[in-house]
>>> print(open('input-v4.json').read())   # JSON, C-alpha atoms
[["chain", "number", "residue", "atom", "x", "y", "z"],
["O", 7, "MET", "CA", -272.46, -201.88, -83.94],
["O", 8, "LYS", "CA", -271.75, -199.98, -87.17],
["O", 9, "TYR", "CA", -268.31, -199.44, -88.70],
["O", 10, "VAL", "CA", -266.74, -197.37, -91.48],
["O", 11, "PHE", "CA", -263.60, -198.21, -93.43],
["O", 12, "GLY", "CA", -261.12, -195.54, -94.55],
["O", 13, "VAL", "CA", -258.65, -196.09, -97.38],
["O", 14, "ASP", "CA", -255.77, -193.77, -98.33],
["O", 15, "VAL", "CA", -254.25, -194.75, -101.68],
["O", 16, "GLY", "CA", -250.64, -193.63, -102.13],
["O", 17, "GLY", "CA", -248.14, -194.33, -104.87],
["O", 18, "THR", "CA", -246.17, -196.79, -102.72],
["O", 19, "SER", "CA", -248.65, -198.14, -100.18],
["O", 20, "VAL", "CA", -252.36, -198.20, -99.44],
["O", 21, "LYS", "CA", -253.24, -197.35, -95.85],
["O", 22, "LEU", "CA", -256.45, -198.82, -94.49],
["O", 23, "GLY", "CA", -258.31, -198.51, -91.20],
["O", 24, "TYR", "CA", -261.70, -199.09, -89.71],
["O", 25, "PHE", "CA", -263.53, -196.97, -87.19],
["O", 26, "ASP", "CA", -266.67, -196.79, -85.14],
["O", 27, "MET", "CA", -269.19, -194.14, -86.13],
["O", 28, "GLU", "CA", -267.71, -191.60, -83.67],
["O", 29, "GLY", "CA", -264.32, -191.75, -85.36],
["O", 30, "ASN", "CA", -262.46, -193.98, -82.93],
["O", 31, "LEU", "CA", -259.78, -195.92, -84.83],
["O", 32, "ILE", "CA", -260.12, -199.63, -84.08],
["O", 33, "ASP", "CA", -257.41, -201.05, -86.36],
["O", 34, "LYS", "CA", -255.14, -199.94, -89.20],
["O", 35, "TRP", "CA", -252.81, -201.65, -91.64],
["O", 36, "GLU", "CA", -251.10, -201.23, -95.02],
["O", 37, "ILE", "CA", -250.77, -203.12, -98.29],
["O", 38, "PRO", "CA", -248.44, -202.39, -101.25],
["O", 39, "THR", "CA", -249.78, -200.28, -104.11],
["O", 40, "ARG", "CA", -249.40, -202.37, -107.25],
["O", 41, "THR", "CA", -249.23, -199.74, -109.97],
["O", 42, "GLU", "CA", -248.29, -202.05, -112.86],
["O", 43, "ASP", "CA", -250.85, -202.50, -115.68],
["O", 44, "ASN", "CA", -252.16, -198.96, -115.10],
["O", 45, "GLY", "CA", -253.06, -199.78, -111.51],
["O", 46, "GLU", "CA", -255.60, -202.46, -112.43],
["O", 47, "ASN", "CA", -254.75, -204.48, -109.31],
["O", 48, "ILE", "CA", -255.25, -201.69, -106.78],
["O", 49, "ILE", "CA", -259.02, -201.88, -106.34],
["O", 50, "PRO", "CA", -259.17, -205.71, -106.22],
["O", 51, "ASP", "CA", -256.32, -205.65, -103.68],
["O", 52, "ILE", "CA", -258.23, -203.16, -101.50],
["O", 53, "ALA", "CA", -261.39, -205.27, -101.74],
["O", 54, "GLY", "CA", -259.50, -208.42, -100.80],
["O", 55, "SER", "CA", -257.78, -206.77, -97.85],
["O", 56, "ILE", "CA", -261.05, -205.37, -96.47],
["O", 57, "MET", "CA", -262.78, -208.73, -96.84],
["O", 58, "VAL", "CA", -259.94, -210.50, -95.01],
["O", 59, "LYS", "CA", -260.14, -207.97, -92.16],
["O", 60, "MET", "CA", -263.92, -208.36, -91.93],
["O", 61, "THR", "CA", -263.51, -212.13, -91.71],
["O", 62, "GLN", "CA", -260.76, -211.83, -89.07],
["O", 63, "LYS", "CA", -262.85, -209.46, -86.94],
["O", 64, "ASN", "CA", -266.15, -211.26, -87.59],
["O", 65, "ILE", "CA", -267.74, -208.15, -89.13],
["O", 66, "ASP", "CA", -270.87, -208.67, -91.22],
["O", 67, "LYS", "CA", -271.48, -206.51, -94.29],
["O", 68, "LYS", "CA", -274.67, -205.25, -92.67],
["O", 69, "GLU", "CA", -272.51, -203.70, -89.94],
["O", 70, "VAL", "CA", -270.47, -201.62, -92.42],
["O", 71, "ALA", "CA", -271.90, -198.18, -93.26],
["O", 72, "GLY", "CA", -269.47, -197.78, -96.14],
["O", 73, "VAL", "CA", -265.92, -197.46, -97.39],
["O", 74, "GLY", "CA", -264.28, -194.11, -98.13],
["O", 75, "ILE", "CA", -261.25, -193.73, -100.39],
["O", 76, "GLY", "CA", -258.79, -190.88, -100.82],
["O", 77, "VAL", "CA", -256.80, -190.86, -104.07],
["O", 78, "PRO", "CA", -254.01, -188.60, -105.39],
["O", 79, "GLY", "CA", -255.88, -186.85, -108.17],
["O", 80, "PRO", "CA", -259.03, -184.86, -108.98],
["O", 81, "VAL", "CA", -262.30, -186.72, -108.33],
["O", 82, "LYS", "CA", -265.70, -185.79, -109.73],
["O", 83, "ALA", "CA", -268.89, -185.86, -107.66],
["O", 84, "ASP", "CA", -269.87, -189.28, -109.02],
["O", 85, "GLY", "CA", -266.55, -190.78, -107.85],
["O", 86, "THR", "CA", -264.78, -190.71, -111.20],
["O", 87, "VAL", "CA", -261.04, -190.24, -110.79],
["O", 88, "ILE", "CA", -260.19, -188.12, -113.82],
["O", 89, "MET", "CA", -256.50, -188.90, -113.55],
["O", 90, "ALA", "CA", -254.15, -190.21, -110.86],
["O", 91, "VAL", "CA", -250.73, -190.22, -112.50],
["O", 92, "ASN", "CA", -248.96, -191.99, -109.62],
["O", 93, "LEU", "CA", -251.44, -194.86, -109.84],
["O", 94, "GLY", "CA", -251.77, -195.08, -113.61],
["O", 95, "TRP", "CA", -255.51, -194.37, -113.35],
["O", 96, "LYS", "CA", -257.53, -192.42, -115.87],
["O", 97, "ASN", "CA", -261.33, -192.03, -115.76],
["O", 98, "LYS", "CA", -261.64, -194.78, -113.16],
["O", 99, "ASN", "CA", -264.58, -194.99, -110.72],
["O", 100, "PRO", "CA", -263.80, -196.73, -107.39],
["O", 101, "ASN", "CA", -267.36, -196.04, -106.19],
["O", 102, "GLU", "CA", -268.63, -198.42, -108.83],
["O", 103, "GLU", "CA", -265.74, -200.91, -109.06],
["O", 104, "LEU", "CA", -265.00, -201.37, -105.35],
["O", 105, "GLY", "CA", -268.68, -201.09, -104.50],
["O", 106, "ALA", "CA", -269.43, -203.99, -106.85],
["O", 107, "LEU", "CA", -266.64, -206.15, -105.40],
["O", 108, "LEU", "CA", -267.67, -205.56, -101.78],
["O", 109, "ASN", "CA", -271.41, -204.97, -102.17],
["O", 110, "ILE", "CA", -270.88, -202.08, -99.74],
["O", 111, "PRO", "CA", -271.40, -198.34, -100.47],
["O", 112, "VAL", "CA", -268.16, -196.57, -101.50],
["O", 113, "LYS", "CA", -267.31, -192.85, -101.68],
["O", 114, "THR", "CA", -264.16, -191.46, -103.30],
["O", 115, "ALA", "CA", -262.48, -188.05, -102.99],
["O", 116, "ASN", "CA", -259.13, -186.36, -103.47],
["O", 117, "ASP", "CA", -256.55, -187.36, -100.85],
["O", 118, "ALA", "CA", -255.80, -183.80, -99.69],
["O", 119, "ASN", "CA", -259.51, -183.11, -99.30],
["O", 120, "VAL", "CA", -260.09, -186.21, -97.20],
["O", 121, "ALA", "CA", -257.02, -185.40, -95.08],
["O", 122, "ALA", "CA", -258.65, -182.04, -94.36],
["O", 123, "LEU", "CA", -261.88, -183.82, -93.46],
["O", 124, "GLY", "CA", -259.93, -186.07, -91.10],
["O", 125, "GLU", "CA", -258.30, -183.12, -89.35],
["O", 126, "MET", "CA", -261.71, -181.50, -88.95],
["O", 127, "TRP", "CA", -263.25, -184.68, -87.56],
["O", 128, "ARG", "CA", -260.61, -185.90, -85.13],
["O", 129, "GLY", "CA", -257.50, -183.75, -85.57],
["O", 130, "GLY", "CA", -256.31, -180.18, -85.26],
["O", 131, "GLY", "CA", -259.58, -178.77, -86.57],
["O", 132, "GLN", "CA", -261.85, -180.77, -84.28],
["O", 133, "GLY", "CA", -264.74, -178.66, -83.03],
["O", 134, "TYR", "CA", -264.80, -176.45, -86.14],
["O", 135, "SER", "CA", -266.95, -176.80, -89.26],
["O", 136, "ASP", "CA", -265.19, -174.28, -91.56],
["O", 137, "VAL", "CA", -261.62, -175.49, -91.93],
["O", 138, "VAL", "CA", -258.78, -175.05, -94.41],
["O", 139, "ALA", "CA", -256.09, -177.70, -94.10],
["O", 140, "VAL", "CA", -252.69, -176.99, -95.65],
["O", 141, "THR", "CA", -250.17, -179.75, -96.32],
["O", 142, "LEU", "CA", -246.57, -178.54, -96.67],
["O", 143, "GLY", "CA", -244.57, -181.40, -98.12],
["O", 144, "THR", "CA", -242.76, -181.92, -101.40],
["O", 145, "GLY", "CA", -245.61, -179.81, -102.78],
["O", 146, "VAL", "CA", -248.34, -177.73, -101.17],
["O", 147, "GLY", "CA", -251.69, -179.46, -100.85],
["O", 148, "GLY", "CA", -254.91, -178.21, -99.40],
["O", 149, "GLY", "CA", -258.44, -179.07, -98.49],
["O", 150, "ILE", "CA", -261.35, -176.71, -97.89],
["O", 151, "ILE", "CA", -264.19, -177.70, -95.58],
["O", 152, "ILE", "CA", -267.27, -175.46, -95.42],
["O", 153, "ASN", "CA", -270.08, -176.24, -92.98],
["O", 154, "GLY", "CA", -268.55, -179.67, -92.43],
["O", 155, "HIS", "CA", -268.41, -180.62, -96.12],
["O", 156, "VAL", "CA", -265.53, -180.84, -98.60],
["O", 157, "VAL", "CA", -265.48, -178.20, -101.33],
["O", 158, "ALA", "CA", -264.33, -180.28, -104.29],
["O", 159, "GLY", "CA", -265.61, -178.23, -107.24],
["O", 160, "ALA", "CA", -266.99, -179.38, -110.57],
["O", 161, "ASN", "CA", -263.90, -181.38, -111.56],
["O", 162, "GLY", "CA", -262.45, -182.22, -108.17],
["O", 163, "GLY", "CA", -259.93, -179.39, -108.33],
["O", 164, "GLY", "CA", -261.21, -177.48, -105.30],
["O", 165, "GLY", "CA", -258.61, -176.84, -102.61],
["O", 166, "GLU", "CA", -255.58, -176.83, -104.94],
["O", 167, "ILE", "CA", -254.13, -173.92, -102.99],
["O", 168, "GLY", "CA", -250.55, -174.82, -103.92],
["O", 169, "HIS", "CA", -251.22, -173.54, -107.41],
["O", 170, "ILE", "CA", -252.41, -170.08, -106.52],
["O", 171, "HIS", "CA", -250.35, -167.76, -108.71],
["O", 172, "LEU", "CA", -248.13, -165.38, -106.71],
["O", 173, "GLU", "CA", -245.11, -164.42, -108.83],
["O", 174, "ASP", "CA", -245.32, -162.97, -112.34],
["O", 175, "ASP", "CA", -241.56, -162.97, -112.88],
["O", 176, "GLU", "CA", -240.89, -166.63, -112.03],
["O", 177, "THR", "CA", -238.89, -168.34, -114.80],
["O", 178, "GLU", "CA", -238.82, -171.88, -113.41],
["O", 179, "ALA", "CA", -241.86, -174.06, -114.05],
["O", 180, "CYS", "CA", -243.95, -175.58, -111.28],
["O", 181, "GLY", "CA", -244.85, -179.27, -111.42],
["O", 182, "CYS", "CA", -248.24, -178.19, -112.81],
["O", 183, "LYS", "CA", -246.34, -176.53, -115.71],
["O", 184, "GLY", "CA", -247.40, -173.09, -114.49],
["O", 185, "HIS", "CA", -245.03, -170.42, -113.17],
["O", 186, "GLY", "CA", -245.03, -168.57, -109.87],
["O", 187, "CYS", "CA", -247.25, -170.98, -107.91],
["O", 188, "LEU", "CA", -247.36, -170.90, -104.10],
["O", 189, "GLU", "CA", -245.95, -174.44, -104.12],
["O", 190, "GLN", "CA", -242.70, -173.11, -105.58],
["O", 191, "TYR", "CA", -242.02, -171.09, -102.41],
["O", 192, "ALA", "CA", -243.86, -172.69, -99.48],
["O", 193, "SER", "CA", -243.20, -176.41, -99.98],
["O", 194, "ALA", "CA", -240.13, -178.23, -98.68],
["O", 195, "THR", "CA", -238.53, -177.89, -102.11],
["O", 196, "GLY", "CA", -239.67, -174.27, -102.28],
["O", 197, "ILE", "CA", -237.95, -173.45, -98.99],
["O", 198, "VAL", "CA", -234.73, -174.95, -100.37],
["O", 199, "ARG", "CA", -235.10, -172.79, -103.50],
["O", 200, "LEU", "CA", -235.57, -169.68, -101.37],
["O", 201, "ALA", "CA", -232.56, -170.59, -99.22],
["O", 202, "ASN", "CA", -230.25, -171.27, -102.16],
["O", 203, "LYS", "CA", -231.24, -167.99, -103.77],
["O", 204, "LYS", "CA", -230.60, -166.12, -100.53],
["O", 205, "LEU", "CA", -227.23, -167.83, -100.13],
["O", 206, "ALA", "CA", -226.27, -166.83, -103.67],
["O", 207, "ASP", "CA", -227.46, -163.22, -103.35],
["O", 208, "SER", "CA", -226.09, -162.50, -99.87],
["O", 209, "SER", "CA", -222.66, -162.57, -98.29],
["O", 210, "LYS", "CA", -224.01, -163.03, -94.76],
["O", 211, "PRO", "CA", -222.44, -165.84, -92.78],
["O", 212, "SER", "CA", -224.76, -168.78, -92.21],
["O", 213, "VAL", "CA", -224.61, -172.34, -90.98],
["O", 214, "LEU", "CA", -226.43, -173.21, -94.20],
["O", 215, "ARG", "CA", -223.24, -172.52, -96.16],
["O", 216, "SER", "CA", -221.40, -175.45, -94.61],
["O", 217, "GLY", "CA", -223.86, -178.33, -94.91],
["O", 218, "GLU", "CA", -226.96, -179.74, -96.56],
["O", 219, "VAL", "CA", -229.69, -177.24, -97.33],
["O", 220, "SER", "CA", -233.11, -178.75, -96.64],
["O", 221, "ALA", "CA", -236.36, -177.48, -95.15],
["O", 222, "LYS", "CA", -235.34, -179.08, -91.85],
["O", 223, "THR", "CA", -231.86, -177.52, -91.76],
["O", 224, "VAL", "CA", -233.35, -174.13, -92.62],
["O", 225, "TRP", "CA", -235.85, -174.27, -89.75],
["O", 226, "ASP", "CA", -233.22, -175.66, -87.37],
["O", 227, "ALA", "CA", -231.03, -172.69, -88.27],
["O", 228, "VAL", "CA", -233.94, -170.29, -87.72],
["O", 229, "LYS", "CA", -234.42, -171.73, -84.22],
["O", 230, "ASP", "CA", -230.69, -171.22, -83.57],
["O", 231, "GLY", "CA", -230.96, -167.54, -84.55],
["O", 232, "ASP", "CA", -229.20, -167.75, -87.92],
["O", 233, "GLU", "CA", -229.91, -164.36, -89.55],
["O", 234, "LEU", "CA", -229.85, -165.55, -93.14],
["O", 235, "ALA", "CA", -232.12, -168.50, -92.33],
["O", 236, "LYS", "CA", -234.52, -166.08, -90.64],
["O", 237, "GLU", "CA", -234.66, -164.04, -93.85],
["O", 238, "VAL", "CA", -235.62, -167.24, -95.70],
["O", 239, "ALA", "CA", -238.33, -167.87, -93.10],
["O", 240, "GLU", "CA", -239.65, -164.33, -93.58],
["O", 241, "ALA", "CA", -239.87, -164.87, -97.35],
["O", 242, "PHE", "CA", -241.63, -168.21, -96.80],
["O", 243, "GLY", "CA", -244.06, -166.58, -94.36],
["O", 244, "ASP", "CA", -244.80, -163.77, -96.81],
["O", 245, "TYR", "CA", -245.63, -166.17, -99.64],
["O", 246, "LEU", "CA", -247.74, -168.55, -97.57],
["O", 247, "GLY", "CA", -249.46, -165.73, -95.69],
["O", 248, "LYS", "CA", -250.38, -164.08, -98.97],
["O", 249, "GLY", "CA", -251.66, -167.35, -100.43],
["O", 250, "LEU", "CA", -253.78, -168.16, -97.39],
["O", 251, "ALA", "CA", -255.18, -164.62, -97.35],
["O", 252, "ALA", "CA", -256.38, -165.25, -100.91],
["O", 253, "VAL", "CA", -258.01, -168.51, -99.80],
["O", 254, "ALA", "CA", -259.69, -166.77, -96.84],
["O", 255, "GLY", "CA", -261.13, -164.14, -99.16],
["O", 256, "ILE", "CA", -263.25, -166.91, -100.66],
["O", 257, "ALA", "CA", -263.60, -169.60, -97.98],
["O", 258, "ASP", "CA", -263.59, -167.43, -94.81],
["O", 259, "PRO", "CA", -262.52, -170.33, -92.53],
["O", 260, "GLN", "CA", -262.60, -170.44, -88.75],
["O", 261, "ILE", "CA", -259.24, -172.18, -88.61],
["O", 262, "PHE", "CA", -256.18, -173.08, -90.69],
["O", 263, "VAL", "CA", -254.65, -176.47, -89.91],
["O", 264, "ILE", "CA", -251.01, -176.71, -91.02],
["O", 265, "GLY", "CA", -249.62, -180.20, -91.66],
["O", 266, "GLY", "CA", -247.16, -182.11, -93.82],
["O", 267, "GLY", "CA", -243.46, -182.79, -93.31],
["O", 268, "VAL", "CA", -242.48, -179.11, -93.07],
["O", 269, "SER", "CA", -244.86, -178.64, -90.14],
["O", 270, "LYS", "CA", -242.64, -180.92, -88.03],
["O", 271, "ALA", "CA", -240.58, -177.78, -87.41],
["O", 272, "GLY", "CA", -243.38, -176.87, -85.00],
["O", 273, "HIS", "CA", -245.24, -173.70, -84.08],
["O", 274, "ILE", "CA", -242.39, -171.52, -85.40],
["O", 275, "ILE", "CA", -243.95, -172.06, -88.86],
["O", 276, "ILE", "CA", -247.12, -170.33, -87.69],
["O", 277, "ASP", "CA", -245.09, -167.56, -86.02],
["O", 278, "TYR", "CA", -243.75, -166.57, -89.46],
["O", 279, "VAL", "CA", -246.95, -167.09, -91.47],
["O", 280, "LYS", "CA", -249.61, -165.50, -89.29],
["O", 281, "PRO", "CA", -248.26, -161.89, -89.30],
["O", 282, "TYR", "CA", -248.14, -161.89, -93.11],
["O", 283, "TYR", "CA", -251.57, -163.48, -93.30],
["O", 284, "GLU", "CA", -252.94, -160.69, -91.11],
["O", 285, "LYS", "CA", -251.16, -158.13, -93.28],
["O", 286, "TYR", "CA", -252.84, -159.32, -96.47],
["O", 287, "ALA", "CA", -256.19, -160.72, -95.31],
["O", 288, "PHE", "CA", -259.55, -159.01, -95.74],
["O", 289, "PRO", "CA", -260.40, -157.35, -92.40],
["O", 290, "GLY", "CA", -263.36, -159.61, -91.72],
["O", 291, "ALA", "CA", -261.15, -162.70, -92.08],
["O", 292, "LYS", "CA", -258.15, -161.63, -90.00],
["O", 293, "ASN", "CA", -259.14, -163.33, -86.74],
["O", 294, "VAL", "CA", -258.54, -166.87, -87.92],
["O", 295, "LYS", "CA", -257.01, -169.50, -85.68],
["O", 296, "PHE", "CA", -253.81, -171.24, -86.84],
["O", 297, "VAL", "CA", -252.93, -174.68, -85.47],
["O", 298, "LEU", "CA", -250.70, -177.61, -86.38],
["O", 299, "ALA", "CA", -252.23, -180.82, -87.73],
["O", 300, "LYS", "CA", -252.49, -183.70, -85.27],
["O", 301, "LEU", "CA", -253.22, -186.86, -87.25],
["O", 302, "GLY", "CA", -249.99, -187.10, -89.26],
["O", 303, "ASN", "CA", -250.02, -189.94, -91.80],
["O", 304, "ASP", "CA", -253.36, -191.18, -90.47],
["O", 305, "ALA", "CA", -255.28, -188.09, -91.62],
["O", 306, "GLY", "CA", -256.16, -189.79, -94.91],
["O", 307, "ILE", "CA", -257.78, -192.87, -93.40],
["O", 308, "TYR", "CA", -259.68, -190.77, -90.84],
["O", 309, "GLY", "CA", -260.95, -188.41, -93.53],
["O", 310, "SER", "CA", -261.85, -191.21, -95.94],
["O", 311, "ALA", "CA", -263.88, -192.87, -93.22],
["O", 312, "ARG", "CA", -265.58, -189.55, -92.39],
["O", 313, "LEU", "CA", -266.40, -189.16, -96.10],
["O", 314, "VAL", "CA", -268.87, -192.03, -95.74],
["O", 315, "LEU", "CA", -270.78, -190.01, -93.13],
["O", 316, "ASP", "CA", -270.68, -186.79, -95.16],
["O", 317, "LYS", "CA", -274.26, -186.43, -96.41]]
>>> encode(input="input-v4.json", output="structure tokens")
Amino acid sequence: MKYVFGVDVGGTSVKLGYFDMEGNLIDKWEIPTRTEDNGENIIPDIAGSIMVKMTQKNIDKKEVAGVGIGVPGPVKADGTVIMAVNLGWKNKNPNEELGALLNIPVKTANDANVAALGEMWRGGGQGYSDVVAVTLGTGVGGGIIINGHVVAGANGGGGEIGHIHLEDDETEACGCKGHGCLEQYASATGIVRLANKKLADSSKPSVLRSGEVSAKTVWDAVKDGDELAKEVAEAFGDYLGKGLAAVAGIADPQIFVIGGGVSKAGHIIIDYVKPYYEKYAFPGAKNVKFVLAKLGNDAGIYGSARLVLDK
């Protein structure tokens, strides 16, 4: 029997799992991410953890098709991680380093891209080959899959949909140092920004005036019929719908898969985004399916494993 290992490297922990060739998860576990000394320990720690698991499960190297890794940063086609600030990495190549330690083929890609691959393989996008996955968390991440393959671009920057420019008049800087990025309006922090602005500019009564303002409290208020919260949701839907229409004008996906912490609000997210998407999208791209992601925090290990099979 053949197996593939999937590794999702985060700033706090490294998630690992191994799968059969059809994408059935057999086991998963985590180890701490040791970021000291510019992350020099991370790859040896991953190698050691995989070797321990192979020994425990009596897996021979000949039975392992490869190891896939998702990392938080742009990755070139040869596996070079140009920079991963949270890990302390710069111009590091896990394909070569981990491959040498394990004597097993290794493939590396951006974490948002592999999460998209995971959702296509065994998640919300299963059954489709042209998928755009959108992660709404502290920021806005994305991954574009065309004909079953990740679109990474020349420098690994493909799929950075959170940094599509939408507002010329924005004065606050995005984390990327730009201004007016989609991430500033459609992320969890962006929703809070929209809500606080609405609260300041409007005198409408709202439950949001008497407690914590967070993405969750905003969506809870929307579900309860709070008029001001619904205006925030409309603004959010407008921004994200416009951004995704821009993506569709290039990628023309069959399906958008919406994930990340904000998506825990449920299908109501899609109810606000889809009408604006259809308003802005090129006519030929209007009939796109919208679904919620299914794999949650496991999307990265699924997608990293699938990366090994991506010829």
>>> residues_near_point(input="input-v4.json", point="(-245.3, -166.6, -109.5)", cutoff="7 Å", atoms="only C-alpha atoms", output="list in words")
His171, Leu172, Glu173, Asp174, Asp175, Glu176, His185, Gly186 and Cys187 of chain O
>>> residues_around(input="input-v4.json", residues="Leu188 in chain O", least_positions_apart="5", cutoff="6 Å", atoms="all atoms listed in the file", output="list in words")
Gly168, His169 and Ile170 of chain O
>>> atom_distance(input="input-v4.json", atom1="CA of Val87 in chain O", atom2="CA of Val15 in chain O")
12.2 Å
>>> atom_distance(input="input-v4.json", atom1="CA of Lys82 in chain O", atom2="CA of Thr18 in chain O")
23.5 Å
>>> residues_around(input="input-v4.json", residues="Leu246 in chain O", least_positions_apart="4", cutoff="7 Å", atoms="all atoms listed in the file", output="ChimeraX atom specification")
/O:188,192,242,250,279
>>> closest_residue(input="input-v4.json", among="O:Val120, O:Ala299, O:Val73, O:Met27", to="Gly272 in chain O", atoms="all atoms listed in the file")
O:Ala299
>>> residues_around(input="input-v4.json", residues="Leu104 in chain O", least_positions_apart="2", cutoff="10 Å", atoms="all atoms listed in the file", output="count of residues only")
20
>>> closest_residue(input="input-v4.json", among="O:Ala158, O:Val219, O:Ile167, O:Ala227", to="Tyr245 in chain O", atoms="only C-alpha atoms")
O:Ile167
>>> atom_distance(input="input-v4.json", atom1="CA of His155 in chain O", atom2="CA of Phe25 in chain O")
19.3 Å
>>> residues_around(input="input-v4.json", residues="range 148-152 of chain O", least_positions_apart="6", cutoff="8 Å", atoms="all atoms listed in the file", output="list of chain:residue names")
O:Ala118, O:Asn119, O:Val120, O:Ala121, O:Ala122, O:Leu123, O:Ser135, O:Asp136, O:Val137, O:Val138, O:Ala139, O:Val140, O:Thr141, O:Ala158, O:Gly164, O:Gly165, O:Glu166, O:Ile167, O:Gly168, O:Ala257, O:Pro259
>>> closest_residue(input="input-v4.json", among="O:Gly94, O:Gly29, O:Gly129, O:Gly79", to="Gly45 in chain O", atoms="only C-alpha atoms")
O:Gly94
>>> axis_aligned_box(input="input-v4.json", around="range 303-312 of chain O", padding_each_side="4 Å", output="lines of an AutoDock Vina configuration file")
center_x = -257.8
center_y = -190.5
center_z = -93.2
size_x = 23.6
size_y = 12.8
size_z = 13.5
>>> closest_residue(input="input-v4.json", among="O:Arg312, O:Lys229, O:Lys295, O:Lys96", to="Gly130 in chain O", atoms="only C-alpha atoms")
O:Lys295
>>> residues_near_point(input="input-v4.json", point="(-236.8, -173.9, -93.9)", cutoff="12 Å", atoms="all atoms listed in the file", output="number ranges by chain")
O: 142-143, 191-202, 204, 214, 218-229, 232, 234-243, 267-272, 274-275, 278
>>> closest_residue(input="input-v4.json", among="O:Gly249, O:Gly105, O:Gly12, O:Pro281", to="Lys67 in chain O", atoms="only C-alpha atoms")
O:Gly105
>>> closest_residue(input="input-v4.json", among="O:Gly184, O:Gly159, O:Gly255, O:Gly131", to="Val297 in chain O", atoms="all atoms listed in the file")
O:Gly131
>>> build_atoms(input="input-v4.json", residues="range 57-68 of chain O", atoms="N, CA and C atoms", output="mmCIF file, in the coordinates of the input")
data_model
loop_
_atom_site.group_PDB
_atom_site.id
_atom_site.type_symbol
_atom_site.label_atom_id
_atom_site.label_comp_id
_atom_site.auth_asym_id
_atom_site.auth_seq_id
_atom_site.Cartn_x
_atom_site.Cartn_y
_atom_site.Cartn_z
ATOM 1 N N MET O 57 -262.023 -207.509 -97.100
ATOM 2 C CA MET O 57 -262.780 -208.730 -96.840
ATOM 3 C C MET O 57 -262.043 -209.642 -95.852
ATOM 4 N N VAL O 58 -260.725 -209.713 -95.964
ATOM 5 C CA VAL O 58 -259.940 -210.500 -95.010
ATOM 6 C C VAL O 58 -260.089 -209.934 -93.602
ATOM 7 N N LYS O 59 -260.009 -208.603 -93.477
ATOM 8 C CA LYS O 59 -260.140 -207.970 -92.160
ATOM 9 C C LYS O 59 -261.532 -208.207 -91.577
ATOM 10 N N MET O 60 -262.559 -208.122 -92.421
ATOM 11 C CA MET O 60 -263.920 -208.360 -91.930
ATOM 12 C C MET O 60 -264.088 -209.798 -91.437
ATOM 13 N N THR O 61 -263.459 -210.729 -92.135
ATOM 14 C CA THR O 61 -263.510 -212.130 -91.710
ATOM 15 C C THR O 61 -262.767 -212.313 -90.383
ATOM 16 N N GLN O 62 -261.567 -211.714 -90.293
ATOM 17 C CA GLN O 62 -260.760 -211.830 -89.070
ATOM 18 C C GLN O 62 -261.494 -211.263 -87.859
ATOM 19 N N LYS O 63 -262.194 -210.158 -88.052
ATOM 20 C CA LYS O 63 -262.850 -209.460 -86.940
ATOM 21 C C LYS O 63 -264.333 -209.815 -86.806
ATOM 22 N N ASN O 64 -264.759 -210.788 -87.642
ATOM 23 C CA ASN O 64 -266.150 -211.260 -87.590
ATOM 24 C C ASN O 64 -267.144 -210.104 -87.782
ATOM 25 N N ILE O 65 -266.871 -209.283 -88.802
ATOM 26 C CA ILE O 65 -267.740 -208.150 -89.130
ATOM 27 C C ILE O 65 -268.630 -208.523 -90.311
ATOM 28 N N ASP O 66 -269.920 -208.396 -90.146
ATOM 29 C CA ASP O 66 -270.870 -208.670 -91.220
ATOM 30 C C ASP O 66 -271.024 -207.433 -92.100
ATOM 31 N N LYS O 67 -271.308 -207.642 -93.372
ATOM 32 C CA LYS O 67 -271.480 -206.510 -94.290
ATOM 33 C C LYS O 67 -272.570 -205.541 -93.815
ATOM 34 N N LYS O 68 -273.581 -206.087 -93.155
ATOM 35 C CA LYS O 68 -274.670 -205.250 -92.670
ATOM 36 C C LYS O 68 -274.203 -204.272 -91.596
#
